[in-house]
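This report refers to the structure that appears directly beneath it.
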Amino acid sequence: TIPVIIDCDPGIDDVMALTLAFAHPQLDIKLITTEPGNQTQEKTVYNALAFTSYMKQNIEVAKGLEAPIFRKLKVAKDVHGDDGLGGVHFPKPTINLSKRTAIEAMEEILLASDEQIILIATGPLTNIGALLLAHPEVKQKIKYISYMGGAAVGGNMSPTAEFNVYVDPHAAEIVFQSGIPIVMSGLDVTHKAYVTLEELGKIEAIGSDFAQKVVAMLKFYVNAIKPTVFHGPEYDKRIRLHDLCAVSYVLTPELFDGDDCYVAVELEGKYTAGTTVVDYGQRTGLPANVKVLHTVNREKFVEQFLEAIQTMSHH
Ligand code: BDR
Ligand code: CA
């Protein structure tokens, strides 16, 4: 088994990422921690508890920080709705919130582990940034961080910044400069990791309560996609499962391609705050700290996602 900790801000695609993780018992999920991002901490922790309970997973869920390290929280209500899950309702949680904070739980689990643990992060990096500041000794226990965030080219929050990094650039920079290996599923790859409206039909055909909920969430989510000047209507209907990439990479790295580069986060800038500056051309001369993914085998990725929904429909 592969020991992992998942730090997330559910969030529609976060819930899809959790689904993929739950469907693969070879992932030993030691802990789920929650982040403010797509919605407030109060809502993301509720969603994580409700979804984990609905999936009948007996996993510790711990609450993280309430706000980004420096910036004022900006949530993604348009993309994920007032409740964070596009108005799709899961029954009240049956599992209790951990008595430990996210930072305490991460620290204790990492230090107690004989093996290195992979951190999967699908929200802003606030919790992990704070963990590394408070307990730098955990670094050696982290195998790598599989992170959804950033972009080498083009943003979804500003012309150049991706949402997760934009929300808490300071936390992201702490993590990026920590020396821990990072695999970055930025928009470069996550925009290629999409399902089409036709494939949504295949999910609907599974026919389970869960499959119906997935379809409802993804329909809400696709309506929030902003048209782009360059690509046209076909492109704007692609349902990009950003966060799923961070889990899929851990399970099946062979589906992805990327390059090792030096990456830094722009903390200030009239237009560019929260941008990941990816040094593809080795202009800084600094050593690579991030594997920047750019390509995914979309067919296999979608197959893996559909199988996960099928598997988790029996729970
Ligand atoms: C990221 O931002 C959030 O809206 C998604 O959950 C994903 O983590 C994509 O930019
Ligand atoms: Ca997310």
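Ligands are numbered from 1 in the order shown, chains are lettered A, B, ... in the order of the structure tokens, and residues start at 1 in each chain.
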How close does chain A get to ligand 2? List, as a Markdown table, each residue of chain A within 7 Å, its nearest atom pair and the distance in Å to one decimal, counting only C-alpha atoms and all ligand atoms.
```
| residue | atom | partner | partner_atom_place_in_ligand_line | distance |
| --- | --- | --- | --- | --- |
| A:Cys8 | CA | ligand 2 | 1 (Ca) | 5.9 |
| A:Asp9 | CA | ligand 2 | 1 (Ca) | 5.1 |
| A:Pro10 | CA | ligand 2 | 1 (Ca) | 6.1 |
| A:Gly11 | CA | ligand 2 | 1 (Ca) | 5.6 |
| A:Asp13 | CA | ligand 2 | 1 (Ca) | 6.2 |
| A:Asp14 | CA | ligand 2 | 1 (Ca) | 4.9 |
| A:Asn38 | CA | ligand 2 | 1 (Ca) | 6.5 |
| A:Thr122 | CA | ligand 2 | 1 (Ca) | 4.4 |
| A:Gly123 | CA | ligand 2 | 1 (Ca) | 4.2 |
| A:Asp243 | CA | ligand 2 | 1 (Ca) | 5.8 |
```
| Selection within 10 Å of ligand 1 by only C-alpha atoms and all ligand atoms, output as a PyMOL selection string | chain A and resi 8-17+37-39+75-80+84+121-124+147-151+155-157+161-167+185-187+190-191+221+240-246
| query | as an NGL selection string, which residues of range 158-201 of chain A does DSSP assign to strand (DSSP E)? | reply | :A and (182-185 or 194-195)
| task | May I ask which of the residues A:Ala50, A:Ile225, A:Ile239, A:Val189 is the closest one to Asp257 in chain A, counting only C-alpha atoms? | result | A:Val189
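The shortest atom-to-atom distance to Gly258 in chain A, with only C-alpha atoms taken into account, belongs to A:Tyr280 out of A:Tyr144, A:Tyr280, A:Tyr271, A:Tyr194.
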| Nearest candidate to Gln57 in chain A (options A:Leu73, A:Val153, A:Ile95, A:Val88; using only C-alpha atoms) | A:Ile95
| said: My list of candidates is A:Arg100, A:His89, A:Arg71, A:Lys139. Which is closest to Thr126 in chain A when distances are computed with only C-alpha atoms? | reply: A:Arg71
| field | Selected residue of minimal separation from Leu251 in chain A among A:Thr33, A:Ser146, A:Gln140, A:Gln116, counting only C-alpha atoms | value | A:Ser146
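Closest approach to His314 in chain A among A:Ile2, A:Leu85, A:Met55, A:Leu293 is made by A:Met55 (distances from only C-alpha atoms).
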| said: Env of Ser208 in chain A: 12 Å cut, atoms = only C-alpha atoms, seq-sep filter 4 positions within chain, self excluded. Answer as JSON, numbers by chain. | reply: {"A": [202, 203, 204, 212, 213, 214, 215, 309, 310, 311, 312, 313, 314, 315]}
| said: If we count only C-alpha atoms and set the cut-off at 10 Å, which residues sit around Asp279 in chain A, ignoring sequence neighbours fewer than 5 positions away in its own chain? Please answer as a list of chain:residue names. | reply: A:Ala152, A:Asp260, A:Cys261, A:Tyr262, A:Val263, A:Ala264, A:Thr284, A:Gly285, A:Leu286, A:Pro287, A:Ala288
| task | Quick one: everything within 12 Å of Ile142 in chain A, counting only C-alpha atoms, minus sequence neighbours fewer than 2 positions away in the same chain. Send it as an MDAnalysis selection string. | result | chainID A and resid 3:5 106:107 109:111 113:120 128 131:132 136:140 144:146 175 178:182
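Atom to atom, CA of Asp7 in chain A and CA of Leu197 in chain A stand 28.7 Å apart.
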| message | At a cut-off of 10 Å, using only C-alpha atoms, what residues contact Lys300 in chain A? Leave out same-chain residues fewer than 4 positions from it and give the result as a count of residues only. | response | 6
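Atom to atom, CA of Val61 in chain A and CA of Gln41 in chain A stand 12.7 Å apart.
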| said: Please return, as a count of residues only, all residues of range 61-268 of chain A that DSSP assigns to helix (DSSP H, G or I) on the basis of the backbone. | reply: 88
| task | Find the spatial neighbours of Glu104 in chain A, counting only C-alpha atoms, within a cut-off of 10 Å - ignore same-chain residues fewer than 6 positions away - and output them as a PyMOL selection string. | result | chain A and resi 62-64+110+131+134-135
